[in-house]
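Source file: upload15.pdb. Holds: PDB, C-alpha atoms and all ligand atoms.
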ATOM      1  CA  MET A   1     223.994  15.101 -79.276
ATOM      2  CA  LYS A   2     221.953  18.121 -78.214
ATOM      3  CA  PRO A   3     221.015  20.720 -80.845
ATOM      4  CA  ARG A   4     223.148  23.847 -80.781
ATOM      5  CA  LEU A   5     221.572  27.165 -79.825
ATOM      6  CA  ILE A   6     222.677  30.768 -79.543
ATOM      7  CA  LEU A   7     220.483  32.483 -76.949
ATOM      8  CA  ALA A   8     221.201  36.065 -77.846
ATOM      9  CA  CYS A   9     219.082  37.937 -75.298
ATOM     10  CA  LEU A  10     219.155  38.148 -71.514
ATOM     11  CA  MET A  11     216.327  35.909 -70.328
ATOM     12  CA  PRO A  12     214.935  34.963 -66.888
ATOM     13  CA  THR A  13     216.968  32.279 -65.086
ATOM     14  CA  ASP A  14     214.401  29.510 -65.574
ATOM     15  CA  VAL A  15     214.501  30.022 -69.332
ATOM     16  CA  ASN A  16     218.301  29.882 -69.363
ATOM     17  CA  ILE A  17     218.218  26.717 -67.253
ATOM     18  CA  ARG A  18     215.869  25.012 -69.665
ATOM     19  CA  ALA A  19     217.925  26.200 -72.645
ATOM     20  CA  MET A  20     221.040  24.670 -71.089
ATOM     21  CA  ARG A  21     219.246  21.437 -70.244
ATOM     22  CA  GLU A  22     217.792  20.850 -73.705
ATOM     23  CA  PHE A  23     220.405  22.469 -75.932
ATOM     24  CA  ASP A  24     224.111  22.842 -76.314
ATOM     25  CA  ALA A  25     223.606  26.566 -75.753
ATOM     26  CA  ILE A  26     225.731  29.672 -75.850
ATOM     27  CA  ILE A  27     223.893  32.193 -73.719
ATOM     28  CA  ALA A  28     224.249  35.987 -73.733
ATOM     29  CA  ALA A  29     226.375  36.874 -70.729
ATOM     30  CA  GLY A  30     225.424  40.537 -70.576
ATOM     31  CA  PRO A  31     225.524  43.312 -69.730
ATOM     32  CA  ASP A  32     223.544  43.686 -72.979
ATOM     33  CA  ASP A  33     221.836  41.391 -75.422
ATOM     34  CA  MET A  34     224.169  40.173 -78.162
ATOM     35  CA  THR A  35     224.643  42.342 -81.233
ATOM     36  CA  VAL A  36     224.184  41.041 -84.775
ATOM     37  CA  ALA A  37     227.980  40.755 -85.104
ATOM     38  CA  GLU A  38     228.198  38.754 -81.879
ATOM     39  CA  VAL A  39     225.349  36.447 -82.890
ATOM     40  CA  THR A  40     226.851  35.870 -86.332
ATOM     41  CA  GLU A  41     230.271  35.119 -84.913
ATOM     42  CA  ALA A  42     228.891  32.792 -82.233
ATOM     43  CA  ALA A  43     226.600  31.003 -84.716
ATOM     44  CA  ILE A  44     229.524  30.342 -87.081
ATOM     45  CA  ALA A  45     231.913  29.223 -84.346
ATOM     46  CA  HIS A  46     229.295  27.028 -82.648
ATOM     47  CA  GLU A  47     227.779  25.700 -85.900
ATOM     48  CA  ALA A  48     224.443  26.651 -84.374
ATOM     49  CA  ASP A  49     221.180  25.030 -85.412
ATOM     50  CA  ALA A  50     219.058  27.835 -83.951
ATOM     51  CA  ILE A  51     219.126  31.372 -82.647
ATOM     52  CA  MET A  52     216.793  32.883 -80.073
ATOM     53  CA  PHE A  53     216.524  36.626 -79.609
ATOM     54  CA  THR A  54     214.100  39.468 -78.984
ATOM     55  CA  ASN A  55     213.373  42.835 -80.556
ATOM     56  CA  THR A  56     216.827  44.135 -79.620
ATOM     57  CA  LEU A  57     218.301  42.124 -82.514
ATOM     58  CA  PRO A  58     217.602  43.715 -85.894
ATOM     59  CA  LEU A  59     217.504  40.665 -88.147
ATOM     60  CA  SER A  60     217.953  42.594 -91.373
ATOM     61  CA  ALA A  61     218.570  41.046 -94.786
ATOM     62  CA  ALA A  62     222.316  41.464 -94.177
ATOM     63  CA  ALA A  63     222.032  39.790 -90.770
ATOM     64  CA  VAL A  64     220.094  36.890 -92.302
ATOM     65  CA  ALA A  65     222.707  36.564 -95.050
ATOM     66  CA  GLY A  66     225.473  36.470 -92.432
ATOM     67  CA  LEU A  67     224.058  33.455 -90.603
ATOM     68  CA  PRO A  68     225.821  30.168 -91.341
ATOM     69  CA  PRO A  69     223.812  27.544 -93.276
ATOM     70  CA  THR A  70     223.592  25.373 -90.140
ATOM     71  CA  VAL A  71     221.026  27.789 -88.639
ATOM     72  CA  ARG A  72     217.568  26.490 -89.481
ATOM     73  CA  VAL A  73     215.366  28.447 -87.102
ATOM     74  CA  GLY A  74     215.270  31.918 -85.557
ATOM     75  CA  ALA A  75     212.852  32.392 -82.653
ATOM     76  CA  THR A  76     212.018  35.846 -81.382
ATOM     77  CA  SER A  77     210.782  36.026 -77.808
ATOM     78  CA  SER A  78     208.236  38.707 -78.664
ATOM     79  CA  VAL A  79     204.949  38.964 -80.465
ATOM     80  CA  GLY A  80     206.126  41.910 -82.586
ATOM     81  CA  TYR A  81     208.455  41.079 -85.457
ATOM     82  CA  ASP A  82     209.116  44.413 -87.091
ATOM     83  CA  HIS A  83     212.814  43.859 -86.283
ATOM     84  CA  ILE A  84     212.901  40.957 -88.740
ATOM     85  CA  ASP A  85     213.254  41.174 -92.518
ATOM     86  CA  VAL A  86     210.619  38.540 -93.251
ATOM     87  CA  PRO A  87     211.117  38.329 -97.051
ATOM     88  CA  ALA A  88     214.873  37.844 -96.558
ATOM     89  CA  ALA A  89     214.344  35.133 -93.951
ATOM     90  CA  LYS A  90     211.757  33.434 -96.123
ATOM     91  CA  ALA A  91     214.001  33.516 -99.192
ATOM     92  CA  ARG A  92     216.857  32.022 -97.155
ATOM     93  CA  GLY A  93     214.560  29.176 -96.006
ATOM     94  CA  LEU A  94     214.962  30.131 -92.345
ATOM     95  CA  HIS A  95     212.033  29.219 -90.107
ATOM     96  CA  VAL A  96     211.103  32.256 -88.018
ATOM     97  CA  THR A  97     208.749  32.151 -85.059
ATOM     98  CA  ASN A  98     207.341  34.573 -82.484
ATOM     99  CA  THR A  99     205.438  34.195 -79.200
ATOM    100  CA  PRO A 100     201.823  35.287 -79.720
ATOM    101  CA  GLY A 101     199.196  34.608 -77.096
ATOM    102  CA  VAL A 102     201.326  34.196 -74.005
ATOM    103  CA  LEU A 103     201.858  37.925 -73.412
ATOM    104  CA  THR A 104     198.373  39.181 -74.219
ATOM    105  CA  GLU A 105     197.053  39.622 -70.691
ATOM    106  CA  CYS A 106     200.111  41.195 -69.122
ATOM    107  CA  THR A 107     200.581  43.620 -72.004
ATOM    108  CA  ALA A 108     196.935  44.685 -71.724
ATOM    109  CA  ASP A 109     197.349  45.034 -67.952
ATOM    110  CA  HIS A 110     200.291  47.326 -68.575
ATOM    111  CA  ALA A 111     198.377  49.383 -71.136
ATOM    112  CA  PHE A 112     195.522  49.769 -68.699
ATOM    113  CA  MET A 113     197.891  50.845 -65.960
ATOM    114  CA  MET A 114     199.394  53.429 -68.319
ATOM    115  CA  MET A 115     195.917  54.712 -69.156
ATOM    116  CA  LEU A 116     194.888  55.081 -65.528
ATOM    117  CA  ALA A 117     198.223  56.567 -64.497
ATOM    118  CA  ALA A 118     198.234  59.095 -67.341
ATOM    119  CA  ALA A 119     194.620  60.149 -66.754
ATOM    120  CA  ARG A 120     194.981  60.366 -62.982
ATOM    121  CA  ARG A 121     198.410  62.038 -62.915
ATOM    122  CA  GLY A 122     200.248  59.067 -61.470
ATOM    123  CA  TYR A 123     203.696  60.476 -62.114
ATOM    124  CA  GLU A 124     202.999  63.855 -60.485
ATOM    125  CA  TYR A 125     201.341  62.379 -57.389
ATOM    126  CA  ASP A 126     204.167  59.915 -56.883
ATOM    127  CA  ARG A 127     206.742  62.685 -57.231
ATOM    128  CA  ILE A 128     204.939  64.868 -54.650
ATOM    129  CA  MET A 129     204.986  62.024 -52.139
ATOM    130  CA  ARG A 130     208.651  61.209 -52.699
ATOM    131  CA  LYS A 131     209.488  64.872 -52.142
ATOM    132  CA  GLY A 132     207.798  64.625 -48.722
ATOM    133  CA  TRP A 133     204.296  66.190 -49.314
ATOM    134  CA  ARG A 134     203.907  68.745 -46.502
ATOM    135  CA  TYR A 135     201.446  71.256 -47.979
ATOM    136  CA  ARG A 136     197.752  71.662 -48.639
ATOM    137  CA  ILE A 137     196.344  70.414 -51.918
ATOM    138  CA  GLY A 138     193.100  72.248 -52.648
ATOM    139  CA  GLN A 139     189.987  70.555 -53.954
ATOM    140  CA  GLY A 140     190.591  72.143 -57.320
ATOM    141  CA  ASP A 141     194.282  71.346 -57.547
ATOM    142  CA  LEU A 142     196.035  68.612 -59.478
ATOM    143  CA  LEU A 143     192.884  67.197 -60.999
ATOM    144  CA  GLY A 144     193.005  64.335 -63.417
ATOM    145  CA  VAL A 145     190.368  63.204 -65.864
ATOM    146  CA  ARG A 146     187.741  60.574 -65.112
ATOM    147  CA  VAL A 147     188.223  57.228 -66.808
ATOM    148  CA  THR A 148     185.050  55.332 -65.840
ATOM    149  CA  GLY A 149     182.271  55.670 -68.383
ATOM    150  CA  LYS A 150     184.370  57.397 -71.038
ATOM    151  CA  THR A 151     184.987  56.259 -74.621
ATOM    152  CA  LEU A 152     188.109  54.269 -75.418
ATOM    153  CA  GLY A 153     189.305  54.090 -79.009
ATOM    154  CA  ILE A 154     191.479  51.110 -79.883
ATOM    155  CA  LEU A 155     193.690  50.971 -82.949
ATOM    156  CA  GLY A 156     194.305  47.325 -83.825
ATOM    157  CA  MET A 157     191.855  44.813 -82.433
ATOM    158  CA  GLY A 158     194.041  41.717 -82.247
ATOM    159  CA  ARG A 159     194.531  39.730 -79.076
ATOM    160  CA  ILE A 160     196.013  42.595 -77.048
ATOM    161  CA  GLY A 161     193.537  45.205 -78.311
ATOM    162  CA  ARG A 162     190.666  42.908 -77.372
ATOM    163  CA  ALA A 163     192.160  42.249 -73.927
ATOM    164  CA  MET A 164     192.375  46.023 -73.441
ATOM    165  CA  ALA A 165     188.696  46.312 -74.419
ATOM    166  CA  GLN A 166     187.794  43.574 -71.936
ATOM    167  CA  ARG A 167     189.448  45.543 -69.109
ATOM    168  CA  ALA A 168     187.794  48.778 -70.226
ATOM    169  CA  ARG A 169     184.354  47.187 -70.143
ATOM    170  CA  GLY A 170     184.946  46.643 -66.417
ATOM    171  CA  PHE A 171     185.217  50.425 -66.156
ATOM    172  CA  ASP A 172     181.934  50.938 -68.030
ATOM    173  CA  MET A 173     183.814  52.394 -70.974
ATOM    174  CA  LYS A 174     182.314  52.553 -74.439
ATOM    175  CA  ILE A 175     184.643  50.836 -76.914
ATOM    176  CA  VAL A 176     185.224  52.046 -80.452
ATOM    177  CA  TYR A 177     187.886  50.541 -82.686
ATOM    178  CA  HIS A 178     189.593  50.643 -86.018
ATOM    179  CA  ALA A 179     191.326  47.655 -87.562
ATOM    180  CA  ARG A 180     191.914  46.548 -91.147
ATOM    181  CA  THR A 181     188.941  44.234 -90.950
ATOM    182  CA  ARG A 182     185.837  44.237 -88.819
ATOM    183  CA  LEU A 183     185.642  41.535 -86.160
ATOM    184  CA  PRO A 184     182.769  39.032 -85.982
ATOM    185  CA  PRO A 185     180.179  39.900 -83.313
ATOM    186  CA  GLU A 186     181.468  37.275 -80.866
ATOM    187  CA  LEU A 187     184.840  39.043 -80.774
ATOM    188  CA  GLU A 188     183.516  42.580 -81.171
ATOM    189  CA  LEU A 189     181.353  42.196 -78.057
ATOM    190  CA  GLY A 190     179.446  45.405 -78.674
ATOM    191  CA  ALA A 191     182.425  47.564 -79.685
ATOM    192  CA  THR A 192     181.721  50.009 -82.503
ATOM    193  CA  TYR A 193     183.784  49.525 -85.668
ATOM    194  CA  PHE A 194     185.083  52.460 -87.693
ATOM    195  CA  PRO A 195     186.351  51.600 -91.182
ATOM    196  CA  THR A 196     188.864  54.474 -90.993
ATOM    197  CA  PHE A 197     191.135  55.618 -88.167
ATOM    198  CA  GLU A 198     190.298  59.253 -88.894
ATOM    199  CA  ALA A 199     186.547  58.713 -88.516
ATOM    200  CA  MET A 200     187.028  57.095 -85.110
ATOM    201  CA  LEU A 201     189.246  59.769 -83.584
ATOM    202  CA  PRO A 202     186.651  62.480 -82.758
ATOM    203  CA  HIS A 203     184.910  59.902 -80.523
ATOM    204  CA  CYS A 204     187.973  58.949 -78.462
ATOM    205  CA  ASP A 205     188.368  60.347 -74.949
ATOM    206  CA  PHE A 206     191.170  57.795 -74.742
ATOM    207  CA  LEU A 207     193.137  56.291 -77.619
ATOM    208  CA  SER A 208     195.186  53.133 -77.140
ATOM    209  CA  LEU A 209     197.479  51.766 -79.850
ATOM    210  CA  HIS A 210     197.673  48.012 -80.371
ATOM    211  CA  ALA A 211     198.723  47.687 -84.000
ATOM    212  CA  PRO A 212     202.022  46.348 -85.370
ATOM    213  CA  ALA A 213     204.697  48.641 -86.804
ATOM    214  CA  ASN A 214     204.730  48.459 -90.589
ATOM    215  CA  PRO A 215     204.660  50.933 -93.481
ATOM    216  CA  ALA A 216     200.871  51.303 -93.160
ATOM    217  CA  THR A 217     201.040  52.308 -89.492
ATOM    218  CA  ASP A 218     204.236  54.381 -89.574
ATOM    219  CA  LYS A 219     203.433  57.768 -87.945
ATOM    220  CA  ILE A 220     199.721  57.011 -88.095
ATOM    221  CA  VAL A 221     199.526  59.228 -85.005
ATOM    222  CA  ASN A 222     200.668  62.557 -86.417
ATOM    223  CA  ALA A 223     199.756  66.261 -86.282
ATOM    224  CA  HIS A 224     196.696  65.703 -88.474
ATOM    225  CA  THR A 225     195.295  62.658 -86.669
ATOM    226  CA  LEU A 226     196.020  64.153 -83.238
ATOM    227  CA  SER A 227     194.050  67.240 -84.276
ATOM    228  CA  LEU A 228     190.988  65.039 -84.853
ATOM    229  CA  LEU A 229     190.889  63.886 -81.221
ATOM    230  CA  PRO A 230     188.686  65.757 -78.744
ATOM    231  CA  ASP A 231     190.600  68.380 -76.750
ATOM    232  CA  GLY A 232     191.985  66.847 -73.580
ATOM    233  CA  ALA A 233     192.187  63.271 -74.879
ATOM    234  CA  VAL A 234     194.688  60.775 -73.471
ATOM    235  CA  LEU A 235     196.976  58.630 -75.641
ATOM    236  CA  VAL A 236     198.366  55.240 -74.615
ATOM    237  CA  ASN A 237     201.056  53.430 -76.592
ATOM    238  CA  VAL A 238     202.403  50.018 -75.621
ATOM    239  CA  SER A 239     202.713  48.759 -79.214
ATOM    240  CA  ARG A 240     205.590  50.331 -81.150
ATOM    241  CA  GLY A 241     207.079  53.821 -81.204
ATOM    242  CA  GLY A 242     207.031  53.797 -84.979
ATOM    243  CA  LEU A 243     203.277  54.434 -84.941
ATOM    244  CA  VAL A 244     203.833  57.916 -83.559
ATOM    245  CA  ASP A 245     205.276  61.125 -84.987
ATOM    246  CA  GLU A 246     207.032  62.140 -81.786
ATOM    247  CA  ASP A 247     207.438  65.811 -82.740
ATOM    248  CA  ALA A 248     203.674  66.045 -83.189
ATOM    249  CA  LEU A 249     203.065  64.230 -79.919
ATOM    250  CA  VAL A 250     205.354  66.536 -77.937
ATOM    251  CA  GLU A 251     203.533  69.495 -79.473
ATOM    252  CA  ALA A 252     200.091  68.066 -78.587
ATOM    253  CA  LEU A 253     201.173  67.366 -75.003
ATOM    254  CA  THR A 254     202.718  70.809 -74.602
ATOM    255  CA  SER A 255     199.838  72.747 -76.119
ATOM    256  CA  GLY A 256     197.237  70.973 -73.992
ATOM    257  CA  LYS A 257     195.569  69.389 -77.023
ATOM    258  CA  LEU A 258     196.212  66.110 -75.229
ATOM    259  CA  PHE A 259     195.666  65.982 -71.486
ATOM    260  CA  ALA A 260     198.295  63.273 -71.055
ATOM    261  CA  ALA A 261     199.968  60.224 -72.528
ATOM    262  CA  GLY A 262     201.161  56.862 -71.260
ATOM    263  CA  LEU A 263     204.148  55.727 -73.295
ATOM    264  CA  ASP A 264     205.956  52.400 -73.072
ATOM    265  CA  VAL A 265     207.513  52.435 -76.544
ATOM    266  CA  PHE A 266     209.507  54.957 -78.560
ATOM    267  CA  ARG A 267     210.918  55.427 -82.031
ATOM    268  CA  GLN A 268     214.432  55.055 -80.608
ATOM    269  CA  GLU A 269     215.050  52.599 -77.785
ATOM    270  CA  PRO A 270     216.684  52.695 -75.341
ATOM    271  CA  ASP A 271     217.854  56.204 -76.239
ATOM    272  CA  PHE A 272     214.305  57.611 -76.308
ATOM    273  CA  ASP A 273     213.508  61.260 -76.961
ATOM    274  CA  LEU A 274     214.228  63.018 -73.667
ATOM    275  CA  ARG A 275     211.654  65.695 -74.393
ATOM    276  CA  PHE A 276     209.110  63.214 -73.020
ATOM    277  CA  ALA A 277     210.976  62.957 -69.724
ATOM    278  CA  ALA A 278     210.614  66.713 -69.247
ATOM    279  CA  LEU A 279     206.822  66.621 -69.492
ATOM    280  CA  ASP A 280     204.789  66.133 -66.295
ATOM    281  CA  ASN A 281     201.785  64.885 -68.235
ATOM    282  CA  VAL A 282     203.519  61.794 -69.577
ATOM    283  CA  PHE A 283     203.624  58.529 -67.682
ATOM    284  CA  LEU A 284     206.654  56.627 -68.921
ATOM    285  CA  SER A 285     207.953  53.072 -68.882
ATOM    286  CA  PRO A 286     210.926  51.455 -70.668
ATOM    287  CA  HIS A 287     209.263  48.970 -73.095
ATOM    288  CA  VAL A 288     208.155  46.552 -70.403
ATOM    289  CA  GLY A 289     204.591  45.730 -71.437
ATOM    290  CA  SER A 290     205.193  41.991 -71.143
ATOM    291  CA  ALA A 291     207.507  42.194 -68.143
ATOM    292  CA  SER A 292     205.884  40.004 -65.511
ATOM    293  CA  LYS A 293     207.768  36.970 -64.196
ATOM    294  CA  GLU A 294     205.121  34.620 -65.484
ATOM    295  CA  THR A 295     204.921  36.149 -68.930
ATOM    296  CA  ARG A 296     208.631  36.510 -69.582
ATOM    297  CA  ASN A 297     209.091  32.858 -68.632
ATOM    298  CA  ALA A 298     206.172  31.859 -70.841
ATOM    299  CA  MET A 299     207.624  33.823 -73.763
ATOM    300  CA  GLY A 300     211.041  32.235 -73.354
ATOM    301  CA  PHE A 301     209.590  28.744 -73.032
ATOM    302  CA  ARG A 302     207.418  29.298 -76.081
ATOM    303  CA  ALA A 303     210.425  30.384 -78.138
ATOM    304  CA  LEU A 304     212.293  27.251 -76.998
ATOM    305  CA  ASP A 305     209.240  25.107 -77.838
ATOM    306  CA  ASN A 306     209.237  26.568 -81.337
ATOM    307  CA  ILE A 307     212.931  25.844 -81.821
ATOM    308  CA  ALA A 308     212.574  22.292 -80.528
ATOM    309  CA  ALA A 309     209.583  21.677 -82.805
ATOM    310  CA  VAL A 310     211.410  22.850 -85.921
ATOM    311  CA  LEU A 311     214.585  20.930 -85.119
ATOM    312  CA  ALA A 312     212.515  17.788 -84.469
ATOM    313  CA  GLY A 313     211.078  18.140 -87.967
ATOM    314  CA  LYS A 314     207.550  18.901 -86.732
ATOM    315  CA  GLY A 315     207.432  22.447 -88.102
ATOM    316  CA  PRO A 316     207.066  25.628 -86.080
ATOM    317  CA  ILE A 317     204.216  26.142 -83.594
ATOM    318  CA  ASP A 318     204.102  29.901 -84.223
ATOM    319  CA  PRO A 319     205.396  30.449 -87.767
ATOM    320  CA  LEU A 320     205.531  34.034 -89.026
ATOM    321  CA  TRP A 321     204.258  32.749 -92.363
ATOM    322  CA  THR A 322     202.731  29.513 -93.577
TER     323      THR A 322
HETATM  324  C1  LIG B 401     209.130  42.927 -75.982
HETATM  325  C2  LIG B 401     207.161  43.264 -77.206
HETATM  326  O1  LIG B 401     209.502  42.122 -77.012
HETATM  327  O2  LIG B 401     206.406  41.089 -77.634
HETATM  328  C3  LIG B 401     206.661  42.199 -78.087
HETATM  329  O3  LIG B 401     206.498  42.472 -79.283
HETATM  330  O4  LIG B 401     207.250  44.379 -77.564
HETATM  331  C4  LIG B 401     207.622  42.947 -75.856
HETATM  332  O5  LIG B 401     207.107  41.806 -75.336
HETATM  333  C5  LIG B 401     209.784  42.496 -74.790
HETATM  334  O6  LIG B 401     209.423  43.412 -73.833
HETATM  335  C6  LIG B 401     211.282  42.458 -74.957
HETATM  336  O7  LIG B 401     211.753  43.730 -75.284
END

Kindly return the structure encoded in the file as structure tokens.
Amino acid sequence: MKPRLILACLMPTDVNIRAMREFDAIIAAGPDDMTVAEVTEAAIAHEADAIMFTNTLPLSAAAVAGLPPTVRVGATSSVGYDHIDVPAAKARGLHVTNTPGVLTECTADHAFMMMLAAARRGYEYDRIMRKGWRYRIGQGDLLGVRVTGKTLGILGMGRIGRAMAQRARGFDMKIVYHARTRLPPELELGATYFPTFEAMLPHCDFLSLHAPANPATDKIVNAHTLSLLPDGAVLVNVSRGGLVDEDALVEALTSGKLFAAGLDVFRQEPDFDLRFAALDNVFLSPHVGSASKETRNAMGFRALDNIAAVLAGKGPIDPLWT
């Protein structure tokens, strides 16, 4: 008999096909990912062994408590796991896994695109063209800021932060970073470490956020820290909206303190703060940092690998805790 799975999020077809081949699976039918109530109900009715989901499912303590005892593993198809109450899952004896590694490159690609597009006014240029561009643009009009050779500050120097640095080195950028701990030289690769976020900020022409959302990073970008950036800096966020005080960010973008921002993530998703949509100097995307065909398949397959490993008694490949 195949193990029983609830696949609670809308995944690429190849992932669904594999889930159906290897599991007795109930798969989200859309139009949205399943809610906690739907997952709980399906897991009870199906006597599920495993659930697979992404960051659209808040696996709170109550949600963990509502799962039937048959469920032994919960696999999130994401690297971030701020949507999961880890102590509650741990106490319940649930194995929880994520998908680190497989989305590093595409997420860094996306961050780099956001940085270039924000600095070089990607949104405004695209809009001019779609409106039919039939007028002169003077040599002094619609100027962006140069990226090549500038200083990029990175908050969080894990896999994705380091992949961002690798791309930036190709643009002759100087890399400065802040993380909880300093990297060894073979990973630092010449980047300059700052033991505090505040001390790094005055050096950052560009600031890119690659840290997880947790109490220590909540609103780490706020009126005070934004004020420490050089005038005309550019902010990029493909990590989590929780890192940013959005009122302070709107103010910095409106006042000209920041030249621009590239934002993929928001405190509320999908109902993000529409003040950002009204600003020409923001390049926006709907939380799609990992959204390439290859990467979304790899994430889904990795989540299924984790579930299969746990159910086969081998232990998780990517446990959230050991
Ligand atoms: C999303 C991400 O999970 O991996 C993460 O932590 O934020 C992304 O990969 C994915 O886009 C689904 O929303």

May I ask you to write as a PyMOL selection string all residues lying at most 6 Å from ligand LIG 401 (chain B), with only C-alpha atoms and all ligand atoms counted?
-> chain A and resi 54-55+78-80+287-290

Record the distance separating CA of Arg182 (chain A) and CA of Met200 (chain A), expressed in Å with one decimal.
-> 13.4 Å

Could you please determine the separation between CA of Tyr177 (chain A) and CA of Pro202 (chain A) in Å, to one decimal place?
-> 12.0 Å

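Closest approach to Val145 (chain A) from the set A:Gly170, A:Gly101, A:Pro319, A:Gly232 is made by A:Gly232, with distances taken over all atoms listed in the file.
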
What's the 8 Å shell around region 117-124 of chain A, counting all atoms listed in the file, without same-chain residues fewer than 5 positions away, as a list of chain:residue names?
-> A:Leu142, A:Leu143, A:Gly144, A:Val145, A:Arg146, A:Val147, A:Val234, A:Phe259, A:Ala260, A:Ala261, A:Gly262, A:Asp280, A:Asn281, A:Val282, A:Phe283

Write the residues you've just listed into a file as a PDB file, in the coordinates of the input, and include C-alpha atoms for each of them.
ATOM      1  CA  LEU A 142     196.035  68.612 -59.478  1.00  0.00           C
ATOM      2  CA  LEU A 143     192.884  67.197 -60.999  1.00  0.00           C
ATOM      3  CA  GLY A 144     193.005  64.335 -63.417  1.00  0.00           C
ATOM      4  CA  VAL A 145     190.368  63.204 -65.864  1.00  0.00           C
ATOM      5  CA  ARG A 146     187.741  60.574 -65.112  1.00  0.00           C
ATOM      6  CA  VAL A 147     188.223  57.228 -66.808  1.00  0.00           C
ATOM      7  CA  VAL A 234     194.688  60.775 -73.471  1.00  0.00           C
ATOM      8  CA  PHE A 259     195.666  65.982 -71.486  1.00  0.00           C
ATOM      9  CA  ALA A 260     198.295  63.273 -71.055  1.00  0.00           C
ATOM     10  CA  ALA A 261     199.968  60.224 -72.528  1.00  0.00           C
ATOM     11  CA  GLY A 262     201.161  56.862 -71.260  1.00  0.00           C
ATOM     12  CA  ASP A 280     204.789  66.133 -66.295  1.00  0.00           C
ATOM     13  CA  ASN A 281     201.785  64.885 -68.235  1.00  0.00           C
ATOM     14  CA  VAL A 282     203.519  61.794 -69.577  1.00  0.00           C
ATOM     15  CA  PHE A 283     203.624  58.529 -67.682  1.00  0.00           C
TER      16      PHE A 283
END

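The space between CA of Asp109 (chain A) and CA of Arg296 (chain A) spans 14.2 Å.
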
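With only C-alpha atoms as the atoms that count, the minimum distance from Gly313 (chain A) to the choices A:Arg4, A:His46, A:Arg72, A:Arg21 is reached by A:Arg72.
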
The PyMOL selection byres (((chain A and resi 217-224) around 9) and not hetatm) applied to the shown file, residues as a tab-separated table (two decimals) with C-alpha atoms, in the coordinates of the input:
chain	number	residue	atom	x	y	z
A	197	PHE	CA	191.14	55.62	-88.17
A	211	ALA	CA	198.72	47.69	-84.00
A	212	PRO	CA	202.02	46.35	-85.37
A	213	ALA	CA	204.70	48.64	-86.80
A	214	ASN	CA	204.73	48.46	-90.59
A	215	PRO	CA	204.66	50.93	-93.48
A	216	ALA	CA	200.87	51.30	-93.16
A	225	THR	CA	195.30	62.66	-86.67
A	226	LEU	CA	196.02	64.15	-83.24
A	227	SER	CA	194.05	67.24	-84.28
A	228	LEU	CA	190.99	65.04	-84.85
A	241	GLY	CA	207.08	53.82	-81.20
A	242	GLY	CA	207.03	53.80	-84.98
A	243	LEU	CA	203.28	54.43	-84.94
A	244	VAL	CA	203.83	57.92	-83.56
A	245	ASP	CA	205.28	61.12	-84.99
A	246	GLU	CA	207.03	62.14	-81.79
A	247	ASP	CA	207.44	65.81	-82.74
A	248	ALA	CA	203.67	66.04	-83.19
A	249	LEU	CA	203.06	64.23	-79.92
A	251	GLU	CA	203.53	69.50	-79.47
A	252	ALA	CA	200.09	68.07	-78.59

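Candidate residues A:Ala191, A:Ala61, A:Leu284, A:Cys106 were compared for distance to Leu94 (chain A), and the nearest is A:Ala61, using all atoms listed in the file.
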
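With only C-alpha atoms as the atoms that count, the minimum distance from Phe112 (chain A) to the choices A:Thr35, A:Ser285, A:Ser60, A:Ser208 is reached by A:Ser208.
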
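Across the chains present, the PyMOL selection byres (((chain A and resi 44) around 10) and not hetatm) applied to this file returns Glu38, Val39, Thr40, Glu41, Ala42, Ala43, Ala45, His46, Glu47, Ala48, Gly66, Leu67, Pro68, Pro69, Thr70 and Val71 of chain A.
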
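For the structure in this document, the set picked by the PyMOL selection byres (((chain A and resi 237) around 9) and not hetatm) is A:Ala111, A:Met114, A:Leu207, A:Ser208, A:Leu209, A:His210, A:Leu235, A:Val236, A:Val238, A:Ser239, A:Arg240, A:Gly241, A:Leu243, A:Val244, A:Ala261, A:Gly262, A:Leu263, A:Asp264, A:Val265, A:Phe266.
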
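If you measure from each of A:Ala65, A:Met34, A:Leu201, A:Leu183 to Ile154 (chain A) using only C-alpha atoms, the closest one turns out to be A:Leu201.
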
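Counting all atoms listed in the file and comparing A:Glu188, A:Asp273, A:Glu105, A:Asp205, the residue that lies closest to Thr295 (chain A) is A:Glu105.
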
Enclose all atoms of region 304-309 of chain A listed in the file in an axis-aligned box, grow every side by 4 Å, and hand back centre and edge lengths in Å to one decimal, as lines of an AutoDock Vina configuration file.
center_x = 211.1
center_y = 24.5
center_z = -79.9
size_x = 11.7
size_y = 13.6
size_z = 13.8

Any idea what's packed within 8 Å of His178 (chain A), counting only C-alpha atoms, ignoring anything in its chain fewer than 6 positions away? Could you give it as a PyMOL selection string?
-> chain A and resi 153-157+193-197+200

Can you write just those residues out, C-alpha atoms, as a PDB file, keeping the file's coordinate frame?
ATOM      1  CA  GLY A 153     189.305  54.090 -79.009  1.00  0.00           C
ATOM      2  CA  ILE A 154     191.479  51.110 -79.883  1.00  0.00           C
ATOM      3  CA  LEU A 155     193.690  50.971 -82.949  1.00  0.00           C
ATOM      4  CA  GLY A 156     194.305  47.325 -83.825  1.00  0.00           C
ATOM      5  CA  MET A 157     191.855  44.813 -82.433  1.00  0.00           C
ATOM      6  CA  TYR A 193     183.784  49.525 -85.668  1.00  0.00           C
ATOM      7  CA  PHE A 194     185.083  52.460 -87.693  1.00  0.00           C
ATOM      8  CA  PRO A 195     186.351  51.600 -91.182  1.00  0.00           C
ATOM      9  CA  THR A 196     188.864  54.474 -90.993  1.00  0.00           C
ATOM     10  CA  PHE A 197     191.135  55.618 -88.167  1.00  0.00           C
ATOM     11  CA  MET A 200     187.028  57.095 -85.110  1.00  0.00           C
TER      12      MET A 200
END

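Here the selection is built from only C-alpha atoms, and the residues within 7 Å of (225.3, 37.2, -75.5) turn out to be Leu7, Ala8, Cys9, Ile27, Ala28, Ala29, Gly30, Asp33 and Met34 of chain A.
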